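**Q** Here it is, the structure in full.
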Number of protein chains: 2
Amino acid sequence: MANDNAAAPQPPSGERPGVRAQTEPGRWEGVAVMPYKQTAEAPFQDVSRQLLFSDPSLACEWRYFEVSEGGYSTLERHAHVHAVMIHRGRGQCLVGETIRDVGQGDLVFIPPMTWHQFRANRGDCLGFLCVVNVARDRPQLPTADDLAKLRKTEQVADFIRTGAE
Amino acid sequence: MANDNAAAPQPPSGERPGVRAQTEPGRWEGVAVMPYKQTAEAPFQDVSRQLLFSDPSLACEWRYFEVSEGGYSTLERHAHVHAVMIHRGRGQCLVGETIRDVGQGDLVFIPPMTWHQFRANRGDCLGFLCVVNVARDRPQLPTADDLAKLRKTEQVADFIRTGAE
């Protein structure tokens, strides 16, 4: 889910002191809505990204991702971890080989090198907060071998989206 | 707001893989509700603390604090920063010399060495998420001189709670 493209335009940093109100669900004063990824090779659909806090002394970035109806985040893994809280809507997530329904307020932890993907329910969006170490590796996409292994589990095979559907 | 008491019992770490559901507003599967602070000298009232994520590789801790009706967090400052999102309820916060109403979804950034305090509205609680660097300094309480300076602003004088009210 991370944006690790160093060449991408940097959003304004989130360290403005004091309050920035949520103006509507999933939108905030002074927070730009950005493309999810700049890299064309990473498959995803209907996802936006916002950087809520990125102060240099925080050591982490606090981001917000929103998957629109029918959309999905990139199926990927990486050495760094993700700490996630669902902010709005409902959907499902894959963590390793486990698929779970998730809704507002639920927590999700993505351990190192664990395949993961978020999908919104039909008729709903899925907005989630994601805290991540500033110092992190680039996400890995599944190889054909990785996909073959993942698809050995029927539920996982049905769930994952790789842009080839 | 930070718990910086090294002698305090450590809660279970938050790195359990996958989903931990929000079982009711402000309560999660496998997340213990703890005292706000262990230090008697720091004034506060009716605040609980939960550690949502504390994975060693995250570099940050993601906590949840809940101020009950009539309660307030400690008036304090420190060199480290706080990244806050209101999770439930309504209240006010002081950041520096500015007092603002806050409600669900609003963001609050506490810069270094900035006096801050959160209070719940009458008839409501104020629950907020707070992300903080794992490596951080201990909070400072206001001295008599600090309080005298803060109280030069009438609104601030009316707002702050120091346990002496």
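In the structure tokens, each chain is lettered A, B, ... as it comes, each chain's residues begin at 1, and ligands are numbered from 1 in order of appearance.
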For the contact check between chain A and chain B, emit one row per residue of chain A within 8 Å, containing the shortest atom pair and the distance in Å rounded to one decimal, counting only C-alpha atoms, chain then rising number order, as a Markdown table.

**A**
```
| residue | atom | partner | partner_atom | distance |
| --- | --- | --- | --- | --- |
| A:Glu15 | CA | B:Phe109 | CA | 6.4 |
| A:Arg16 | CA | B:Phe109 | CA | 6.7 |
| A:Pro17 | CA | B:Phe109 | CA | 5.1 |
| A:Gly18 | CA | B:Phe109 | CA | 5.0 |
| A:Val19 | CA | B:Val108 | CA | 4.4 |
| A:Arg20 | CA | B:Leu107 | CA | 5.1 |
| A:Ala21 | CA | B:Asp106 | CA | 4.5 |
| A:Gln22 | CA | B:Asp106 | CA | 4.8 |
| A:Pro25 | CA | B:Gly105 | CA | 7.7 |
| A:Trp28 | CA | B:Asp106 | CA | 7.6 |
| A:Leu52 | CA | B:Leu107 | CA | 7.9 |
| A:Phe53 | CA | B:Ala83 | CA | 6.7 |
| A:Ser57 | CA | B:Val81 | CA | 7.1 |
| A:Leu58 | CA | B:Asn133 | CA | 5.2 |
| A:Ala59 | CA | B:Ala59 | CA | 6.0 |
| A:Cys60 | CA | B:Cys60 | CA | 6.3 |
| A:His80 | CA | B:Ser57 | CA | 7.2 |
| A:Val81 | CA | B:Leu58 | CA | 6.6 |
| A:His82 | CA | B:Leu58 | CA | 7.9 |
| A:Ala83 | CA | B:Phe53 | CA | 6.7 |
| A:Val95 | CA | B:Gly18 | CA | 5.8 |
| A:Thr98 | CA | B:Gly18 | CA | 7.8 |
| A:Arg100 | CA | B:Val19 | CA | 7.2 |
| A:Val102 | CA | B:Ala21 | CA | 7.6 |
| A:Gln104 | CA | B:Gln22 | CA | 7.9 |
| A:Gly105 | CA | B:Gln22 | CA | 5.4 |
| A:Asp106 | CA | B:Ala21 | CA | 4.5 |
| A:Leu107 | CA | B:Arg20 | CA | 5.1 |
| A:Val108 | CA | B:Val19 | CA | 4.4 |
| A:Phe109 | CA | B:Gly18 | CA | 5.0 |
| A:Ile110 | CA | B:Pro17 | CA | 6.0 |
| A:Pro111 | CA | B:Pro17 | CA | 6.0 |
| A:Val132 | CA | B:Leu58 | CA | 6.4 |
| A:Asn133 | CA | B:Leu58 | CA | 5.2 |
```

**Q** Quick check for you: according to DSSP on this backbone, which residues of range 105-164 of chain B are classed as alpha helix (DSSP H)? Reply as a PyMOL selection string.

**A** chain B and resi 144-150+154-159

**Q** Which is closer to Gly163 in chain B than all the others in B:Asp46, B:Arg90, B:Leu150, B:Glu69, using only C-alpha atoms?

**A**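 Closest candidate: B:Asp46.
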
**Q** By how many Å are CA of Cys130 in chain B and CA of His78 in chain B apart?

**A** 14.5 Å
